[in-house]
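*Asks:* Got a structure here, written out as structure tokens. Questions coming.
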Amino acid sequence: MARLIFQKTLKTASEKGIIPESSRKAVRWFRRKARGIRTSPRDILSEQERWKRTTLKRQLLGNMYFFIYDPVGKDTLPYWDTFPIVIPIELTNDGFIGINFHYLDPRFRAILMDRLNELERDEPDLMDKSEQSQSGKLDWRKIRYRRLSNLTRYKYFRPCLKRYKFKNIQSRLIQVEKPEWDIALFLPLEKFQNRSGRSPGLTRIWNDSKNAF
């Protein structure tokens with residue numbers, strides 16, 4: 001129980017009325033972070049090209065980011081998150097696969113993050129020396145899709161696993177430092193919409209996710 005950092009954070013935040021209202025501190029934090037998002041066509045193209053470089057793509061893994069996203073195949077999707085908060089765990093030829101926590105209600109976000117942290121602590125260290133020097137990220141080798149899919153206690157990740165393409169990212173990727181993950185996880189930043197441009201409602205989305213566990 002002593003390790004359940006995010007569940008305890010959520011409980012404290014809820015008792016203080018931070019969720020879903022958000023504290024002034026959290027709002028100031030988000031406004032400061034959001035200043036880094038620039039959405040001019042030139043900036044978008046620059047960001048897309050930057051992350052396509054092989055030497056940079058690997059840096060994405062295990063960190064947390066938020067960004068503006070316009071998905072492929074919107075006509076076939078019931079809804080999507082236009083402002084995801086994601087931990088990339090696997091690279092693809094044109095982007096990455098990541099865990100978008102917005103598909104879970106705050107309680108399950110806390111449970112999943114605590115279990116990912118437990119996985120990182122309990123498994124033997126798989127990082128090489130160069131990776132060990134990078135602080136503030138999860139060891140992505142321990143949370144790959146194939147590893148998680150074989151562990152039923154990590155079932156909460158299933159509805160969160162999404163594929164993102166660099167060409168569809170419509171802003172800079174804003175990194176959230178690990179000490180600030182609790183703020184980012186529990187702020188109501190979800191921006192879901194459906195094909196008609198309306199929000200389908202968080203109750204429906206979170207119920208759909210629970211049904212996928």
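Every chain in the structure tokens takes a letter, A first, then B, and so on in the order presented; its residues are numbered from 1, and the ligands are numbered from 1 following the presented order.
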Pick out the residues sitting within 12 Å of Pro41 in chain A, and hand them over as a PyMOL selection string; count only C-alpha atoms, and ignore anything fewer than 5 positions along from it in its own chain.
*Replies:* chain A and resi 46-48+167+169-172
*Asks:* Could you save the residues just selected, with C-alpha atoms, as a CSV table (one decimal), in the first residue's frame?
*Replies:*
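So again_29.csv came out as:
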chain,number,residue,atom,x,y,z
A,46,SER,CA,9.2,21.5,-38.1
A,47,GLU,CA,7.9,19.4,-35.2
A,48,GLN,CA,6.9,16.5,-37.4
A,167,LYS,CA,2.2,13.7,-39.7
A,169,ILE,CA,0.4,15.8,-34.7
A,170,GLN,CA,-0.8,19.4,-35.0
A,171,SER,CA,1.4,21.0,-32.4
A,172,ARG,CA,4.7,20.7,-30.5
*Asks:* With only C-alpha atoms as the counted atoms, please give the residues lying no more than 9 Å from range 65-74 of chain A, apart from itself and same-chain residues fewer than 2 positions off, as a compact mmCIF listing (two decimals) with C-alpha atoms, in the first residue's frame.
*Replies:*
# COMPACT_ATOMS: atom_id res chain seq x y z
CA ILE A 37 2.38 24.82 -27.98
CA THR A 39 0.33 25.67 -34.09
CA LEU A 60 10.11 9.64 -26.87
CA ASN A 63 8.34 9.99 -21.27
CA THR A 76 -14.50 5.20 -39.02
CA LEU A 77 -13.90 6.30 -35.41
CA PRO A 78 -16.74 6.68 -32.91
CA TYR A 79 -14.71 9.41 -31.15
CA TRP A 80 -11.12 10.45 -30.50
CA ASP A 81 -9.06 12.60 -28.16
CA THR A 82 -7.79 15.77 -29.86
CA PHE A 83 -5.56 16.64 -26.88
CA PRO A 84 -4.06 13.35 -25.67
CA ILE A 85 -1.67 12.83 -22.78
CA VAL A 86 0.50 9.89 -23.74
CA ILE A 87 3.45 7.77 -22.66
CA PRO A 88 4.93 6.28 -25.87
CA TYR A 164 -0.11 8.08 -33.33
CA LYS A 165 1.42 9.25 -36.59
CA ASN A 168 -1.09 14.01 -37.76
CA ILE A 169 0.42 15.79 -34.75
CA GLN A 170 -0.75 19.38 -34.99
CA SER A 171 1.45 21.05 -32.35
CA ARG A 172 4.69 20.68 -30.49
CA LEU A 173 5.01 17.68 -28.17
CA ILE A 174 5.08 19.17 -24.68
CA GLN A 175 6.97 16.95 -22.27
CA VAL A 176 5.68 16.57 -18.71
CA GLU A 177 8.49 16.03 -16.21
CA ALA A 184 -1.08 16.19 -15.64
CA ASN A 194 -16.95 12.57 -32.68
CA ARG A 195 -17.53 12.79 -36.43
*Asks:* Looking at only C-alpha atoms, which of A:Trp206, A:Trp51, A:Phe192, A:Phe157 is the one that sits closest to Asn100 in chain A?
*Replies:*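 With only C-alpha atoms as the atom set, the closest residue is A:Phe157.
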*Asks:* Write out as a count of residues only the residues lying within 10 Å of Leu185 in chain A, counting only C-alpha atoms and excluding same-chain residues fewer than 5 positions away.
*Replies:* 14
*Asks:* What is the CA of Leu61 in chain A-CA of Arg115 in chain A distance in Å, reported with one decimal?
*Replies:*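 CA of Arg115 in chain A lies 17.7 Å from CA of Leu61 in chain A.
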*Asks:* So what do you get for CA of Thr55 in chain A versus CA of Asn93 in chain A, distance-wise?
*Replies:*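 Those two atoms sit 13.4 Å apart.
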*Asks:* Under the rule that only C-alpha atoms are counted, which of A:Phe96, A:Pro200, A:Lys137, A:Ile143 is the nearest residue to Lys57 in chain A?
*Replies:*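 Residue with the minimum atom-to-atom distance to Lys57 in chain A: A:Phe96.
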*Asks:* So the first atom is CA of Gln193 in chain A and the second is CA of Arg163 in chain A; what is the distance between them in Å, to one decimal place?
*Replies:*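 Taking CA of Gln193 in chain A and CA of Arg163 in chain A, their separation equals 17.2 Å.
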*Asks:* Could you tell me which of A:Leu104, A:Phe166, A:Phe30, A:Arg144 comes closest to Arg53 in chain A if we count only C-alpha atoms?
*Replies:*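 Counting only C-alpha atoms, the residue closest to Arg53 in chain A is A:Phe166.
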*Asks:* So, with only C-alpha atoms as the atoms that count, which of A:Tyr103, A:Gly95, A:Leu189, A:Ser199 lies closest to Asn211 in chain A?
*Replies:*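 That would be A:Tyr103, the residue with the smallest distance to Asn211 in chain A.
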